[in-house]
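Here's the structure we're looking at; comments come further down.
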Amino acid sequence: MLVHAAAGGVGSAAAQLARSLGAAAVYGTVSTEEKAEYASRFGYDGVFLRDGFPDAVRKATSGRGVDLVLDPIGGPTRLASFEALAPFGRVAVYGEAARHPDLHLPVLPVWKNNRALTGYNIGDLSRRDPDTLRHHARAALGLVASGAVRIDITAEYDLADAPQAQRLLEAGENTGKAVRRVGR
C-alpha cells in the first residue's frame with residue numbers, strides 16, 4: 001500500500017489502520033525530509049519524497065508495485081500513482097489537496113494492467129448511505145479505542161483562528177492532526 005501525504009492527519013493514521021488490517025508493506029510519500037522523519041513514526045516501511053516516488057516504490061517492491069494507493073493530492077501525483085501500481089492494483093481518491101485541474105487519464109495502461117481508479121467521498125457517502133459511513137466510523141474508532149491506532153494531534157486552534165488553520169492546511173504545512181477547540 002502507498003499513502004500520499006503520509007505526514008498528515010489521515011496519512012499518520014492510514015499506516016496504522018493498514019497494519020491492523022493485515023497489510024504486509026505500507027509506504028508513504030511526503031513533500032519534505034522533515035515530514036518524512038515525522039511520518040516514519042507511524043509504521044511505514046518506507047517514506048519517500050513525492051518527487052520521483054514511482055521509482056522508489058518499484059525499487060522497494062522489487063519491481064512489483066503496490067496493490068493500493070490512497071491519494072488525497074491529485075494532479076500529477078495521481079497520474080504518477082499508476083506507475084507505482086501492481087497489476088490488479090487500484091488508486092483510491094479521497095481528496096484534491098493540490099487543486100490541480102482534473103487530469104486526463106490514459107486508459108490503455110489502466111486496462112492492459114487490470115488497474116482501477118476509485119473514489120471515497122465521505123460527504124456523498126453520508127448522504128447516500130449513512131449506515132455504511134456509521135459502520136466505517138465505528139470500525140475506525142474501535143481501533144483507536146483499542147490502542148491499535150494512535151491519533152497524533154499536533155495543533156489545536158480556537159474557532160476564532162479557523163481562517164489561519166485553514167490556510168496552513170491548504171498550504172500543506174501541517175503534520176499530524178490539527179483540531180479546532182470548541183468551548184473551554
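The chains in the C-alpha cells are called A, B, ... from first to last as shown; in each chain the residues are counted from 1, and the ligands are counted from 1 in the order shown.
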
(message) Residues of range 3-182 of chain A classed as alpha helix (DSSP H) by DSSP on the backbone are to be reported as a PyMOL selection string.
(response) chain A and resi 9-20+33-39+53-60+75-81+107-112+122-128+130-146+162-170

(message) According to DSSP computed on the backbone, where in range 25-152 of chain A is there strand (DSSP E)? Give the residues as a list in words.
(response)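 Those in range 25-152 of chain A that DSSP calls strand (DSSP E) are Tyr27, Gly28, Thr29, Val30, Gly46, Val47, Phe48, Leu49, Val66, Asp67, Leu68, Val69, Leu70, Asp71, Leu85, Ala86, Pro87, Phe88, Gly89, Arg90, Val91, Ala92, Val93, Ala116, Leu117, Thr118 and Gly119 of chain A.
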
Report as a PDB file with N, CA and C atoms, in the first residue's frame all protein, DNA and RNA residues lying within 12 Å of Pro101 in chain A, evaluated on only C-alpha atoms, omitting residues in the same chain fewer than 3 positions from it.
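Saved result, selection_33.pdb, follows:
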```pdb
ATOM      1  N   ILE A  73      -4.083  13.951  -2.939  1.00  0.00           N
ATOM      2  CA  ILE A  73      -3.312  15.042  -3.534  1.00  0.00           C
ATOM      3  C   ILE A  73      -3.873  15.469  -4.891  1.00  0.00           C
ATOM      4  N   GLY A  74      -3.976  14.530  -5.837  1.00  0.00           N
ATOM      5  CA  GLY A  74      -4.486  14.824  -7.171  1.00  0.00           C
ATOM      6  C   GLY A  74      -3.409  15.259  -8.146  1.00  0.00           C
ATOM      7  N   GLY A  75      -3.854  15.729  -9.300  1.00  0.00           N
ATOM      8  CA  GLY A  75      -2.965  16.247 -10.334  1.00  0.00           C
ATOM      9  C   GLY A  75      -1.903  15.265 -10.764  1.00  0.00           C
ATOM     10  N   PRO A  76      -0.670  15.755 -10.998  1.00  0.00           N
ATOM     11  CA  PRO A  76       0.414  14.891 -11.462  1.00  0.00           C
ATOM     12  C   PRO A  76       0.728  13.742 -10.500  1.00  0.00           C
ATOM     13  N   ARG A  78      -1.430  12.033  -8.761  1.00  0.00           N
ATOM     14  CA  ARG A  78      -2.419  10.981  -9.043  1.00  0.00           C
ATOM     15  C   ARG A  78      -2.035  10.206 -10.296  1.00  0.00           C
ATOM     16  N   GLU A  96      -8.443  16.321  -3.074  1.00  0.00           N
ATOM     17  CA  GLU A  96      -7.841  17.055  -4.187  1.00  0.00           C
ATOM     18  C   GLU A  96      -7.046  18.222  -3.617  1.00  0.00           C
ATOM     19  N   ALA A  97      -6.127  17.917  -2.696  1.00  0.00           N
ATOM     20  CA  ALA A  97      -5.405  18.961  -1.965  1.00  0.00           C
ATOM     21  C   ALA A  97      -4.586  19.873  -2.868  1.00  0.00           C
ATOM     22  N   ALA A  98      -4.045  19.345  -3.952  1.00  0.00           N
ATOM     23  CA  ALA A  98      -3.195  20.161  -4.823  1.00  0.00           C
ATOM     24  C   ALA A  98      -4.001  21.125  -5.687  1.00  0.00           C
ATOM     25  N   HIS A 104      -6.335  14.025 -17.209  1.00  0.00           N
ATOM     26  CA  HIS A 104      -6.772  13.186 -18.317  1.00  0.00           C
ATOM     27  C   HIS A 104      -6.022  11.871 -18.174  1.00  0.00           C
TER      28      HIS A 104
END
```

(request) For Phe88 in chain A, please output as a list in words all residues within 12 Å (counting only C-alpha atoms; exclusion window: fewer than 4 positions along the same chain). (result)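 Final neighbour list, sorted by chain and number: Arg64, Gly65, Val66, Asp67, Leu68, Val69, Phe82, Ala84, Pro109, Val110, Trp111, Lys112, Asn113, Asn114, Arg115, Ala116 and Leu117 of chain A.
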
(request) Could you please determine the separation between CA of Gly28 in chain A and CA of Arg58 in chain A in Å, to one decimal place? (result)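 So the answer is 12.9 Å.
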
(request) Write out as a PyMOL selection string which residues come within 10 Å of Gly52 in chain A when counting only C-alpha atoms, dropping same-chain ones fewer than 6 positions away. (result) chain A and resi 29+77+80

Selected residues written out, N, CA and C atoms, as a compact mmCIF listing (two decimals), in the first residue's frame:
```txt
# COMPACT_ATOMS: atom_id res chain seq x y z
N THR A 29 4.34 8.85 0.90
CA THR A 29 5.05 9.95 0.25
C THR A 29 4.76 11.23 1.01
N THR A 77 0.53 13.96 -9.20
CA THR A 77 0.77 12.89 -8.22
C THR A 77 -0.18 11.72 -8.49
N ALA A 80 0.95 9.89 -11.68
CA ALA A 80 2.17 9.11 -11.42
C ALA A 80 1.89 7.90 -10.55
```

(request) Can you work out which one of A:Leu21, A:Ile153, A:Ala137, A:Ala148 has the shortest atom-to-atom distance to Met1 in chain A, counting only C-alpha atoms? (result)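 When distances to Met1 in chain A are compared using only C-alpha atoms, the smallest one comes from A:Leu21.
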
(request) For range 33-38 of chain A, list every protein, DNA or RNA residue within 7 Å, evaluated using only C-alpha atoms, and leave out those in the same chain fewer than 5 positions away; present the list as a VMD selection string. (result) chain A and resid 7 47 to 48 175

Write the residues you've just listed into a file as a compact mmCIF listing (two decimals), in the first residue's frame, and include all heavy atoms for each of them.
```txt
# COMPACT_ATOMS: atom_id res chain seq x y z
N ALA A 7 2.34 12.28 6.22
CA ALA A 7 2.55 13.00 7.48
C ALA A 7 1.32 13.78 7.92
O ALA A 7 1.34 14.41 8.97
CB ALA A 7 3.74 13.97 7.34
N VAL A 47 9.28 5.87 3.61
CA VAL A 47 8.62 7.13 3.30
C VAL A 47 9.50 7.84 2.29
O VAL A 47 10.69 8.06 2.53
CB VAL A 47 8.41 8.00 4.55
CG1 VAL A 47 7.73 9.31 4.18
CG2 VAL A 47 7.59 7.25 5.60
N PHE A 48 8.90 8.20 1.14
CA PHE A 48 9.64 8.77 0.02
C PHE A 48 9.19 10.19 -0.24
O PHE A 48 8.02 10.53 -0.04
CB PHE A 48 9.40 7.93 -1.24
CG PHE A 48 9.52 6.46 -1.02
CD1 PHE A 48 8.43 5.62 -1.23
CD2 PHE A 48 10.71 5.88 -0.60
CE1 PHE A 48 8.51 4.26 -1.03
CE2 PHE A 48 10.82 4.51 -0.40
CZ PHE A 48 9.70 3.70 -0.60
N THR A 175 1.57 18.81 9.98
CA THR A 175 1.84 17.38 10.16
C THR A 175 0.82 16.91 11.19
O THR A 175 0.32 17.69 12.00
CB THR A 175 3.26 17.11 10.68
OG1 THR A 175 3.45 17.82 11.90
CG2 THR A 175 4.32 17.50 9.67
```

(request) Show which residues sit within 8 Å of Leu159 in chain A, as a ChimeraX atom specification. Count only C-alpha atoms, and ignore same-chain residues fewer than 6 positions away. (result) /A:180-182

Based on the selection just made, write all heavy atoms of those residues as a PDB file, in the first residue's frame.
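Saved file part01.pdb follows:
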```
ATOM      1  N   ARG A 180      -9.817  21.850  15.918  1.00  0.00           N
ATOM      2  CA  ARG A 180     -10.336  23.123  16.391  1.00  0.00           C
ATOM      3  C   ARG A 180     -10.974  22.924  17.760  1.00  0.00           C
ATOM      4  O   ARG A 180     -11.730  21.997  17.964  1.00  0.00           O
ATOM      5  CB  ARG A 180     -11.351  23.674  15.406  1.00  0.00           C
ATOM      6  CG  ARG A 180     -10.685  24.077  14.099  1.00  0.00           C
ATOM      7  CD  ARG A 180     -11.602  24.828  13.197  1.00  0.00           C
ATOM      8  NE  ARG A 180     -10.888  25.117  11.961  1.00  0.00           N
ATOM      9  CZ  ARG A 180     -11.423  24.956  10.781  1.00  0.00           C
ATOM     10  NH1 ARG A 180     -12.654  24.514  10.647  1.00  0.00           N
ATOM     11  NH2 ARG A 180     -10.732  25.240   9.712  1.00  0.00           N
ATOM     12  N   ARG A 181     -10.630  23.812  18.697  1.00  0.00           N
ATOM     13  CA  ARG A 181     -11.225  23.769  20.038  1.00  0.00           C
ATOM     14  C   ARG A 181     -12.622  24.371  19.989  1.00  0.00           C
ATOM     15  O   ARG A 181     -12.830  25.371  19.308  1.00  0.00           O
ATOM     16  CB  ARG A 181     -10.396  24.591  21.012  1.00  0.00           C
ATOM     17  CG  ARG A 181      -9.177  23.911  21.515  1.00  0.00           C
ATOM     18  CD  ARG A 181      -8.527  24.755  22.608  1.00  0.00           C
ATOM     19  NE  ARG A 181      -7.105  24.755  22.389  1.00  0.00           N
ATOM     20  CZ  ARG A 181      -6.392  25.735  21.869  1.00  0.00           C
ATOM     21  NH1 ARG A 181      -6.939  26.867  21.555  1.00  0.00           N
ATOM     22  NH2 ARG A 181      -5.113  25.622  21.681  1.00  0.00           N
ATOM     23  N   VAL A 182     -13.531  23.782  20.705  1.00  0.00           N
ATOM     24  CA  VAL A 182     -14.880  24.316  20.822  1.00  0.00           C
ATOM     25  C   VAL A 182     -15.176  24.455  22.306  1.00  0.00           C
ATOM     26  O   VAL A 182     -15.226  23.468  23.023  1.00  0.00           O
ATOM     27  CB  VAL A 182     -15.928  23.399  20.149  1.00  0.00           C
ATOM     28  CG1 VAL A 182     -17.316  23.985  20.301  1.00  0.00           C
ATOM     29  CG2 VAL A 182     -15.578  23.189  18.689  1.00  0.00           C
TER      30      VAL A 182
END
```

(request) Could you check which of A:Asp152, A:Leu2, A:Val26, A:Ser62 is closest to Gly89 in chain A, using only C-alpha atoms? (result)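 Among the listed residues, A:Leu2 lies closest to Gly89 in chain A.
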
(message) Can you measure CA of Pro87 in chain A to CA of Ser20 in chain A for me? One decimal in Å is fine.
(response)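 It comes out at 24.1 Å.
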
(message) What does the structure give for the distance between CA of Arg150 in chain A and CA of Leu168 in chain A, in Å to one decimal?
(response)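 Result for CA of Arg150 in chain A versus CA of Leu168 in chain A: 22.5 Å, one decimal.
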
(message) Let me make sure I understand: among A:Asp129, A:Asp102, A:Asp55, A:Glu156, which one has the smallest atom-to-atom distance to Leu85 in chain A if we use only C-alpha atoms?
(response)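 Using only C-alpha atoms, the shortest distance to Leu85 in chain A belongs to A:Asp55.
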
(request) May I ask which of the residues A:Ala178, A:Val3, A:Val107, A:Val144 is the closest one to Ala25 in chain A, counting only C-alpha atoms? (result)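 Once distances to Ala25 in chain A are computed over only C-alpha atoms, the minimum belongs to A:Val3.
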